[in-house]
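Heads up, input_9.csv below (CSV, C-alpha atoms):
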```
chain,number,residue,atom,x,y,z
A,280,MET,CA,151.5,73.8,143.8
A,281,ILE,CA,154.3,73.2,141.2
A,282,ILE,CA,153.4,70.2,139.1
A,283,SER,CA,156.5,68.1,138.2
A,284,ARG,CA,156.8,66.3,134.9
A,285,ARG,CA,156.3,63.0,136.8
A,286,ARG,CA,153.3,64.3,138.7
A,287,PHE,CA,151.9,65.7,135.4
A,288,THR,CA,152.4,62.3,133.6
A,289,LYS,CA,150.5,60.5,136.4
A,290,ALA,CA,147.7,63.0,136.3
A,291,ALA,CA,147.5,62.8,132.5
A,292,MET,CA,147.3,59.0,132.7
A,293,GLY,CA,144.5,59.3,135.3
A,294,ALA,CA,142.6,61.7,133.2
A,295,SER,CA,143.1,59.4,130.2
A,296,MET,CA,141.6,56.5,132.2
A,297,VAL,CA,138.7,58.6,133.3
A,298,GLY,CA,138.2,59.7,129.7
A,299,LEU,CA,138.0,56.0,128.6
A,300,ALA,CA,135.4,55.3,131.3
A,301,ARG,CA,133.1,58.2,130.3
A,302,PRO,CA,131.5,56.6,127.3
A,303,ALA,CA,130.2,53.8,129.5
A,304,ILE,CA,128.7,56.3,131.9
A,305,ALA,CA,127.2,58.1,128.9
A,306,GLN,CA,125.5,54.9,127.8
A,307,THR,CA,123.4,54.8,131.0
A,308,GLU,CA,122.8,58.5,131.9
A,309,PRO,CA,119.4,59.8,131.1
A,310,ILE,CA,118.8,61.9,128.0
A,311,LYS,CA,117.6,65.1,129.7
A,312,ILE,CA,115.1,67.2,127.8
A,313,GLY,CA,114.2,70.6,129.2
A,314,TRP,CA,110.6,71.4,128.6
A,315,LEU,CA,109.6,75.1,128.9
A,316,ALA,CA,105.9,74.9,129.1
A,317,ALA,CA,103.2,77.5,129.7
A,318,LEU,CA,100.9,75.1,131.6
A,319,THR,CA,99.0,77.7,133.5
A,320,GLY,CA,97.9,81.2,132.9
A,321,PRO,CA,95.9,82.9,130.0
A,322,SER,CA,98.2,81.5,127.3
A,323,SER,CA,98.2,77.9,128.6
A,324,ALA,CA,96.0,76.1,126.0
A,325,PRO,CA,98.8,75.2,123.6
A,326,GLY,CA,101.1,74.2,126.4
A,327,VAL,CA,98.6,71.8,127.9
A,328,GLY,CA,98.1,70.1,124.6
A,329,PHE,CA,101.8,69.9,123.8
A,330,ASN,CA,102.4,68.5,127.3
A,331,ARG,CA,100.1,65.6,126.7
A,332,GLY,CA,102.1,64.6,123.6
A,333,VAL,CA,105.4,65.1,125.4
A,334,ILE,CA,104.4,62.8,128.3
A,335,PHE,CA,103.0,60.2,125.8
A,336,ALA,CA,106.2,60.1,123.8
A,337,THR,CA,108.4,60.0,126.8
A,338,GLU,CA,106.5,57.1,128.4
A,339,SER,CA,106.4,55.2,125.1
A,340,ILE,CA,110.1,55.5,124.5
A,341,ASN,CA,111.0,54.6,128.1
A,342,GLY,CA,108.5,51.7,128.1
A,343,ALA,CA,110.2,50.3,125.0
A,344,GLY,CA,113.6,50.3,126.8
A,345,GLY,CA,114.7,53.9,126.1
A,346,VAL,CA,117.3,55.0,123.6
A,347,LYS,CA,120.0,52.3,123.5
A,348,GLY,CA,119.3,51.7,127.1
A,349,ARG,CA,119.1,55.4,128.1
A,350,LYS,CA,115.9,56.7,129.5
A,351,VAL,CA,114.4,60.0,128.6
A,352,GLU,CA,114.1,62.3,131.5
A,353,LEU,CA,111.9,65.4,131.3
A,354,ILE,CA,112.8,68.6,133.2
A,355,THR,CA,109.6,70.5,133.1
A,356,ARG,CA,109.1,74.1,134.2
A,357,ASP,CA,105.8,75.9,134.0
A,358,THR,CA,106.6,79.4,132.7
A,359,GLN,CA,103.0,80.6,132.9
A,360,GLY,CA,103.6,82.5,129.7
A,361,ASP,CA,105.9,84.9,131.6
A,362,PRO,CA,109.2,85.8,129.8
A,363,THR,CA,110.9,86.4,133.1
A,364,LYS,CA,110.0,83.0,134.4
A,365,ALA,CA,111.1,81.5,131.1
A,366,VAL,CA,114.5,83.2,131.4
A,367,ASN,CA,115.0,81.9,134.9
A,368,ALA,CA,113.9,78.3,134.0
A,369,THR,CA,116.2,78.3,130.9
A,370,GLN,CA,119.2,79.4,133.0
A,371,GLU,CA,118.5,76.7,135.6
A,372,MET,CA,118.2,74.0,132.9
A,373,ILE,CA,121.5,75.0,131.4
A,374,SER,CA,123.6,75.6,134.5
A,375,GLN,CA,122.1,73.3,137.1
A,376,ALA,CA,120.0,70.6,135.4
A,377,ARG,CA,122.5,70.3,132.5
A,378,VAL,CA,119.9,69.2,130.0
A,379,HIS,CA,120.9,67.9,126.6
A,380,ALA,CA,118.3,69.8,124.6
A,381,ILE,CA,115.4,72.2,125.3
A,382,TRP,CA,111.9,71.9,123.8
A,383,GLY,CA,109.9,75.1,124.0
A,384,PRO,CA,108.9,77.7,125.0
A,385,THR,CA,105.4,77.5,123.5
A,386,ASN,CA,104.9,81.3,123.5
A,387,SER,CA,106.8,83.6,121.1
A,388,GLY,CA,107.1,86.4,123.8
A,389,GLU,CA,109.0,83.9,126.0
A,390,SER,CA,111.0,82.6,123.2
A,391,LEU,CA,112.2,86.0,122.2
A,392,ALA,CA,113.6,86.4,125.7
A,393,VAL,CA,115.4,83.0,125.9
A,394,THR,CA,116.6,82.1,122.4
A,395,PRO,CA,119.7,84.3,122.7
A,396,ILE,CA,120.5,82.7,126.1
A,397,MET,CA,120.4,79.2,124.5
A,398,ALA,CA,122.4,80.4,121.6
A,399,ARG,CA,125.2,81.5,123.8
A,400,ALA,CA,125.2,78.2,125.6
A,401,LYS,CA,125.0,76.3,122.3
A,402,MET,CA,122.0,74.5,123.6
A,403,PRO,CA,120.0,72.5,121.0
A,404,ASN,CA,116.5,74.1,121.0
A,405,ILE,CA,113.4,73.0,119.1
A,406,HIS,CA,110.3,75.1,119.5
A,407,PRO,CA,106.8,75.7,117.9
A,408,CYS,CA,106.9,79.6,118.2
A,409,VAL,CA,105.9,81.4,115.1
A,410,VAL,CA,107.6,84.8,115.2
A,411,ASP,CA,109.8,84.9,112.1
A,412,SER,CA,112.9,86.5,113.8
A,413,LEU,CA,113.2,83.5,116.2
A,414,ILE,CA,114.9,81.5,113.4
A,415,ASP,CA,118.2,82.9,112.2
A,416,VAL,CA,121.0,80.4,111.5
A,417,GLN,CA,123.6,83.1,112.0
A,418,LYS,CA,122.4,84.4,115.3
A,419,PHE,CA,120.8,81.2,116.7
A,420,PRO,CA,122.5,78.2,115.0
A,421,ASN,CA,121.1,75.8,117.6
A,422,ALA,CA,117.4,76.9,117.3
A,423,PHE,CA,115.0,74.9,115.1
A,424,ARG,CA,111.3,75.6,114.4
A,425,ILE,CA,109.0,72.5,114.4
A,426,ALA,CA,105.8,74.4,113.5
A,427,PRO,CA,105.1,76.9,110.7
A,428,SER,CA,106.4,80.5,111.0
A,429,ASN,CA,104.0,83.3,111.4
A,430,THR,CA,104.6,84.2,107.8
A,431,GLN,CA,103.2,80.8,106.8
A,432,TRP,CA,100.2,81.2,109.2
A,433,ASP,CA,99.7,84.8,108.0
A,434,ASP,CA,99.8,83.7,104.3
A,435,ALA,CA,97.1,81.0,104.9
A,436,VAL,CA,94.8,83.4,106.8
A,437,ARG,CA,95.2,86.2,104.2
A,438,ASN,CA,94.8,83.8,101.3
A,439,TYR,CA,91.6,82.5,102.8
A,440,CYS,CA,90.1,85.9,103.4
A,441,LEU,CA,91.1,87.4,100.1
A,442,ALA,CA,91.1,84.5,97.6
A,443,ILE,CA,88.5,82.2,99.0
A,444,LEU,CA,86.1,84.3,101.0
A,445,LYS,CA,86.8,87.2,98.6
A,446,LEU,CA,86.6,89.9,101.3
A,447,LYS,CA,88.6,93.1,101.1
A,448,LYS,CA,88.0,95.0,104.4
A,449,VAL,CA,89.4,93.4,107.5
A,450,ALA,CA,89.9,94.2,111.2
A,451,VAL,CA,93.0,92.7,112.8
A,452,ILE,CA,93.0,92.1,116.5
A,453,GLY,CA,95.6,90.5,118.8
A,454,ASP,CA,96.4,90.3,122.5
A,455,THR,CA,99.0,92.4,124.2
A,456,THR,CA,101.7,89.7,124.5
A,457,GLY,CA,104.9,90.0,122.6
A,458,TYR,CA,103.5,87.5,120.1
A,459,GLY,CA,100.1,89.3,119.8
A,460,VAL,CA,101.8,92.7,119.1
A,461,SER,CA,104.2,91.3,116.5
A,462,ALA,CA,101.6,89.1,114.8
A,463,VAL,CA,99.1,92.0,114.4
A,464,LYS,CA,101.9,94.2,112.9
A,465,ALA,CA,102.9,91.5,110.4
A,466,SER,CA,99.3,90.7,109.5
A,467,VAL,CA,98.4,94.3,108.8
A,468,ALA,CA,101.4,94.7,106.6
A,469,GLY,CA,100.6,91.6,104.6
A,470,PHE,CA,97.0,92.6,104.0
A,471,LYS,CA,98.0,96.1,102.9
A,472,ASN,CA,100.6,94.7,100.6
A,473,ASP,CA,98.0,92.5,98.9
A,474,GLY,CA,95.7,95.5,98.3
A,475,ALA,CA,93.2,94.8,101.2
A,476,GLU,CA,91.9,97.6,103.4
A,477,VAL,CA,92.6,97.2,107.2
A,478,VAL,CA,89.8,99.2,108.6
A,479,TYR,CA,90.6,98.6,112.3
A,480,GLN,CA,93.5,97.1,114.3
A,481,ALA,CA,94.0,96.7,118.0
A,482,ASN,CA,95.9,94.8,120.7
A,483,ILE,CA,93.6,93.9,123.7
A,484,ASP,CA,94.6,92.7,127.1
A,485,ALA,CA,93.6,89.0,127.2
A,486,THR,CA,91.9,89.6,130.6
A,487,GLN,CA,89.7,92.5,129.4
A,488,PRO,CA,86.1,91.5,130.4
A,489,ASP,CA,84.1,93.6,127.9
A,490,LEU,CA,85.1,93.5,124.2
A,491,THR,CA,82.0,95.2,122.9
A,492,PRO,CA,83.8,98.6,122.3
A,493,ASP,CA,86.4,97.0,120.1
A,494,LEU,CA,84.0,95.0,118.0
A,495,LEU,CA,81.7,98.0,117.7
A,496,ARG,CA,84.6,100.0,116.3
A,497,ALA,CA,85.4,97.2,113.9
A,498,ARG,CA,81.8,97.0,112.7
A,499,ASN,CA,81.4,100.7,112.4
A,500,ALA,CA,84.6,100.8,110.3
A,501,GLY,CA,83.1,98.3,107.8
A,502,ALA,CA,85.0,95.2,108.7
A,503,GLU,CA,84.0,92.2,106.6
A,504,ALA,CA,86.1,89.7,108.6
A,505,ILE,CA,87.9,89.8,111.9
A,506,VAL,CA,91.4,88.4,111.9
A,507,ILE,CA,92.5,87.3,115.3
A,508,TRP,CA,96.0,86.6,116.6
A,509,SER,CA,96.0,85.4,120.2
A,510,VAL,CA,96.5,82.1,122.1
A,511,SER,CA,94.0,83.2,124.8
A,512,THR,CA,91.0,81.1,124.4
A,513,GLY,CA,89.2,83.1,127.1
A,514,MET,CA,89.5,86.3,125.1
A,515,GLU,CA,88.5,84.6,121.9
A,516,ALA,CA,85.4,83.1,123.5
A,517,ARG,CA,84.4,86.5,124.8
A,518,MET,CA,84.8,87.9,121.3
A,519,MET,CA,82.5,85.1,119.9
A,520,ASN,CA,79.9,85.8,122.6
A,521,THR,CA,80.1,89.6,122.0
A,522,ARG,CA,79.7,89.1,118.2
A,523,ALA,CA,76.5,87.0,118.9
A,524,ALA,CA,75.1,89.6,121.3
A,525,MET,CA,75.6,92.2,118.6
A,526,GLY,CA,73.8,90.1,116.1
A,527,TRP,CA,76.8,90.4,113.8
A,528,ASP,CA,77.6,87.3,111.6
A,529,VAL,CA,81.1,88.6,110.5
A,530,PRO,CA,83.6,85.6,110.1
A,531,PHE,CA,86.5,85.2,112.5
A,532,VAL,CA,89.7,84.0,110.9
A,533,GLY,CA,93.0,83.4,112.5
A,534,HIS,CA,95.1,81.7,115.2
A,535,PRO,CA,94.8,77.9,115.7
A,536,SER,CA,93.6,78.4,119.3
A,537,LEU,CA,90.3,79.6,117.8
A,538,SER,CA,89.5,75.9,117.4
A,539,SER,CA,90.7,74.8,120.9
A,540,GLY,CA,88.3,72.6,122.7
A,541,GLU,CA,88.4,74.9,125.7
A,542,ILE,CA,86.3,77.4,123.7
A,543,GLY,CA,83.4,75.0,123.7
A,544,SER,CA,83.0,75.4,127.5
A,545,LEU,CA,83.5,79.1,127.4
A,546,ILE,CA,81.0,80.2,124.8
A,547,ASP,CA,77.4,81.0,125.7
A,548,LYS,CA,75.9,78.6,123.1
A,549,PRO,CA,77.3,76.4,120.3
A,550,ALA,CA,76.1,78.6,117.6
A,551,ASN,CA,78.5,81.3,118.7
A,552,TRP,CA,81.3,79.1,117.3
A,553,ASP,CA,79.9,79.2,113.8
A,554,LYS,CA,81.7,81.1,111.0
A,555,VAL,CA,85.0,80.7,112.9
A,556,TYR,CA,88.0,79.5,110.8
A,557,ALA,CA,91.3,78.6,112.4
A,558,VAL,CA,94.7,77.9,111.0
A,559,GLY,CA,95.0,74.1,110.6
A,560,TYR,CA,97.0,71.4,108.8
A,561,ARG,CA,96.4,68.8,106.3
A,562,SER,CA,98.0,66.2,108.6
A,563,CYS,CA,95.3,66.9,111.1
A,564,SER,CA,92.3,67.3,108.8
A,565,TYR,CA,89.8,64.5,108.3
A,566,GLY,CA,88.1,63.6,105.1
A,567,ALA,CA,84.4,62.9,104.3
A,568,ASP,CA,85.0,59.4,105.7
A,569,GLY,CA,85.8,61.0,109.1
A,570,LYS,CA,89.4,59.6,109.0
A,571,LEU,CA,92.8,61.2,109.0
A,572,GLN,CA,95.6,60.5,106.5
A,573,GLY,CA,97.9,57.5,107.0
A,574,ARG,CA,99.8,57.2,110.2
A,575,ASN,CA,97.8,60.0,112.0
A,576,GLN,CA,94.7,57.8,112.0
A,577,GLU,CA,96.8,55.1,113.6
A,578,LEU,CA,98.1,57.6,116.1
A,579,VAL,CA,94.6,58.7,117.2
A,580,GLU,CA,93.8,55.0,117.7
A,581,ARG,CA,97.0,54.6,119.9
A,582,LEU,CA,96.1,57.6,121.9
A,583,ALA,CA,92.5,56.4,122.6
A,584,GLY,CA,92.0,55.9,126.4
A,585,LYS,CA,95.5,57.4,127.1
A,586,VAL,CA,95.4,61.0,125.9
A,587,ASN,CA,92.3,63.2,126.0
A,588,LEU,CA,91.8,64.9,122.7
A,589,SER,CA,88.4,66.3,123.3
A,590,ASP,CA,89.5,69.6,124.7
A,591,THR,CA,92.7,70.2,122.8
A,592,LEU,CA,94.2,70.1,119.3
A,593,LEU,CA,95.7,67.1,117.7
A,594,TRP,CA,98.5,69.1,116.2
A,595,TRP,CA,99.6,70.3,119.6
A,596,VAL,CA,99.7,66.7,120.9
A,597,ALA,CA,101.4,65.4,117.7
A,598,CYS,CA,103.9,68.3,117.8
A,599,GLY,CA,104.9,67.4,121.4
A,600,ILE,CA,105.4,63.8,120.4
A,601,ASP,CA,107.5,64.8,117.4
A,602,ALA,CA,109.7,67.1,119.5
A,603,VAL,CA,110.6,64.4,122.0
A,604,GLU,CA,111.2,61.8,119.2
A,605,LEU,CA,113.4,64.2,117.3
A,606,VAL,CA,115.7,64.5,120.3
A,607,ALA,CA,115.7,60.8,120.9
A,608,LYS,CA,116.3,60.0,117.3
A,609,ALA,CA,119.2,62.3,117.2
A,610,VAL,CA,120.9,60.6,120.1
A,611,GLU,CA,120.1,57.1,118.7
A,612,THR,CA,121.4,57.9,115.2
A,613,ARG,CA,124.5,59.8,116.3
A,614,GLY,CA,125.3,57.7,119.3
A,615,SER,CA,125.7,60.8,121.5
A,616,SER,CA,123.7,63.4,123.4
A,617,SER,CA,126.2,66.2,122.8
A,618,SER,CA,125.1,69.5,121.3
A,619,GLU,CA,127.0,68.9,118.1
A,620,ALA,CA,125.4,65.5,117.7
A,621,ILE,CA,121.9,66.6,118.2
A,622,THR,CA,122.1,69.8,116.0
A,623,GLY,CA,124.1,67.9,113.4
A,624,TYR,CA,121.4,65.3,113.1
A,625,TRP,CA,118.6,67.9,112.8
A,626,ASN,CA,120.6,69.7,110.1
A,627,SER,CA,120.6,66.5,108.0
A,628,LEU,CA,116.9,65.9,107.9
A,629,SER,CA,115.0,65.8,104.6
A,630,LYS,CA,111.2,65.1,104.9
A,631,TYR,CA,111.5,63.5,108.3
A,632,ASN,CA,108.2,61.7,108.7
A,633,GLY,CA,106.7,63.2,111.9
A,634,TYR,CA,103.1,63.0,113.0
A,635,PHE,CA,102.5,66.7,112.7
A,636,GLY,CA,104.4,67.1,109.5
A,637,ASP,CA,107.4,66.1,107.3
A,638,TYR,CA,110.3,68.3,108.5
A,639,SER,CA,113.3,69.3,106.4
A,640,TYR,CA,116.3,71.2,107.9
A,641,SER,CA,119.8,72.1,106.7
A,642,PRO,CA,122.6,74.2,108.1
A,643,THR,CA,121.2,77.2,106.3
A,644,GLN,CA,117.4,76.5,106.9
A,645,HIS,CA,115.9,75.9,110.3
A,646,ASN,CA,112.3,76.5,109.3
A,647,GLY,CA,111.2,72.9,108.7
A,648,TYR,CA,107.5,72.8,108.2
A,649,PRO,CA,106.0,72.4,104.6
A,650,THR,CA,104.0,75.5,103.6
A,651,ALA,CA,101.6,73.5,101.4
A,652,ASP,CA,100.3,71.7,104.5
A,653,VAL,CA,99.1,74.9,106.2
A,654,VAL,CA,95.3,75.3,105.6
A,655,MET,CA,92.2,76.8,107.4
A,656,SER,CA,89.9,74.6,109.5
A,657,ALA,CA,86.2,74.9,110.4
A,658,ALA,CA,86.9,75.7,114.1
A,659,SER,CA,83.8,74.0,115.6
A,660,SER,CA,84.2,70.8,113.6
A,661,ALA,CA,86.6,69.1,116.1
A,662,LYS,CA,86.8,65.4,116.4
A,663,ASN,CA,89.6,63.9,118.3
A,664,GLY,CA,91.4,67.3,118.1
A,665,ALA,CA,91.3,67.2,114.2
A,666,PHE,CA,89.1,69.2,111.9
A,667,ALA,CA,87.2,69.5,108.6
A,668,LEU,CA,88.7,71.9,106.1
A,669,ALA,CA,87.1,75.3,106.1
A,670,PRO,CA,84.5,75.9,103.3
A,671,GLY,CA,85.9,76.8,99.9
A,672,TYR,CA,88.9,74.4,99.6
A,673,SER,CA,88.9,72.0,96.7
A,674,GLY,CA,90.6,68.7,96.2
A,675,GLY,CA,89.7,67.0,99.4
A,676,ARG,CA,92.2,67.0,102.2
```

Take the structure in the file and give it back as structure tokens.
Amino acid sequence: MIISRRRFTKAAMGASMVGLARPAIAQTEPIKIGWLAALTGPSSAPGVGFNRGVIFATESINGAGGVKGRKVELITRDTQGDPTKAVNATQEMISQARVHAIWGPTNSGESLAVTPIMARAKMPNIHPCVVDSLIDVQKFPNAFRIAPSNTQWDDAVRNYCLAILKLKKVAVIGDTTGYGVSAVKASVAGFKNDGAEVVYQANIDATQPDLTPDLLRARNAGAEAIVIWSVSTGMEARMMNTRAAMGWDVPFVGHPSLSSGEIGSLIDKPANWDKVYAVGYRSCSYGADGKLQGRNQELVERLAGKVNLSDTLLWWVACGIDAVELVAKAVETRGSSSSEAITGYWNSLSKYNGYFGDYSYSPTQHNGYPTADVVMSAASSAKNGAFALAPGYSGGR
């Protein structure tokens, strides 16, 4: 059909009128947050914890009237820790659900698969995945990390082994996920660069029932500490049980999931959890008085009776809350749920006061978590998902 000048003018006027009406619609449409969560499967412990925080934050915001009248709507997909499922869910969220931002995935193997997809779609993405390469402001300008990077975790673990425990021979073990493989590689390189001897390294299938052969190899090689990089609490509990059966008191040091409440129900006896030190955070570490710092003590009191903290980690819950609030705050502050508005707000943050940490981002830096707040925790000291600092730290919290 040939469009005449008159027909074009009328069409343009109509489009202009529709354009004028759109802001009113935008004021009432939900703020859609895509939530890529590994809620089932061997890597589900973090996802379950994050999800409790996500639901709490969403219900709190909506219960208070939403964001300038707009409710938060969660579009949740259980990826089961499977990169293929994560890819399918991401594409669905972008092309069909038309979400405004995506939170997750919670597993680095999945995130490695979906981050380029979100970059091409200019989708605002905030995630807790630690693999360093997932943050690159040139390749992935819309991706922001809300948790420490693996380098920050790795530095805390290595410093604890070498500077505090003063051990020089380590075994480094991970699972066979994309995260586990990359984490073991980075950890081994870090220890070697610092002059330590890595006497054994391995990647083990998280479902492997008998871990005795691997721990025997580590012991026979002279390992003074076992560094563990996995989110599989089942595998970690089996390692603790195997260590006890061997009568070996070597310390386990590593991933935050070593302190997950799930382990308490998987180990043969409580003593098997002794001498296990997990990555932790000052924001989620309690002092001699049994209380957390500042607003996190208030958060725990708010969560009482609403969110179960006995079998998860407070930082997972707090991080989930922060992620939802960072999206909501961006829309509230910029008055828009567009990609440019959300990423623009995040790029402007300096020491944003979250529950998990104080985040700082800029157009050239999307790693926002403060390194000084990454510490090691006594894994079995959980109380409301928080922990006492591992032995050897000075200066209190």

Could you make a table, as JSON lines, of the residues of stretch 529-602 of chain A that have an atom within 6 Å of an atom of stretch 652-672 of chain A, each with its nearest atom pair and distance in Å to one decimal, counting all atoms listed in the file, in chain and number order?
```
{"residue": "A:Ser538", "atom": "CA", "partner": "A:Ala658", "partner_atom": "CA", "distance": 4.2}
{"residue": "A:Trp552", "atom": "CA", "partner": "A:Ser659", "partner_atom": "CA", "distance": 5.9}
{"residue": "A:Val555", "atom": "CA", "partner": "A:Ala658", "partner_atom": "CA", "distance": 5.5}
{"residue": "A:Tyr556", "atom": "CA", "partner": "A:Ala657", "partner_atom": "CA", "distance": 5.0}
{"residue": "A:Ala557", "atom": "CA", "partner": "A:Ser656", "partner_atom": "CA", "distance": 5.1}
{"residue": "A:Val558", "atom": "CA", "partner": "A:Met655", "partner_atom": "CA", "distance": 4.5}
{"residue": "A:Gly559", "atom": "CA", "partner": "A:Met655", "partner_atom": "CA", "distance": 5.0}
{"residue": "A:Tyr560", "atom": "CA", "partner": "A:Val653", "partner_atom": "CA", "distance": 4.8}
{"residue": "A:Arg561", "atom": "CA", "partner": "A:Asp652", "partner_atom": "CA", "distance": 5.2}
{"residue": "A:Cys563", "atom": "CA", "partner": "A:Ala665", "partner_atom": "CA", "distance": 5.1}
{"residue": "A:Ser564", "atom": "CA", "partner": "A:Phe666", "partner_atom": "CA", "distance": 4.8}
{"residue": "A:Tyr565", "atom": "CA", "partner": "A:Ala667", "partner_atom": "CA", "distance": 5.6}
{"residue": "A:Leu588", "atom": "CA", "partner": "A:Asn663", "partner_atom": "CA", "distance": 5.0}
{"residue": "A:Ser589", "atom": "CA", "partner": "A:Asn663", "partner_atom": "CA", "distance": 5.7}
{"residue": "A:Thr591", "atom": "CA", "partner": "A:Gly664", "partner_atom": "CA", "distance": 5.7}
{"residue": "A:Leu592", "atom": "CA", "partner": "A:Gly664", "partner_atom": "CA", "distance": 4.1}
{"residue": "A:Leu593", "atom": "CA", "partner": "A:Gly664", "partner_atom": "CA", "distance": 4.3}
```

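Of note, atom CA of A:Glu503 and atom CA of A:Ser536 are spaced 21.1 Å apart.
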
Quote the spacing between atom CA of A:Val327 and atom CA of A:Ile600 in Å to one decimal place.
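Distance reported for this atom pair: 12.9 Å.
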
Between atom CA of A:Ile340 and atom CA of A:Ser390, what is the distance in Å, rounded to a tenth?
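Atom CA of A:Ile340 sits 27.1 Å away from atom CA of A:Ser390.
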
Set the distance at 9 Å and use all atoms listed in the file: which residues neighbour stretch 634-642 of chain A once local chain neighbours fewer than 4 positions away are removed? I'd like the list as number ranges by chain.
A: 416, 420, 423, 425-426, 560-563, 574-575, 578, 593-598, 600-601, 623, 625-630, 646-649, 652

All residues 8 Å or closer to A:Leu490, all atoms listed in the file, same chain fewer than 3 positions away omitted, as a list in words:
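Here the qualifying residues turn out to be Gln487, Asp493, Leu494, Arg517, Met518 and Thr521 of chain A.
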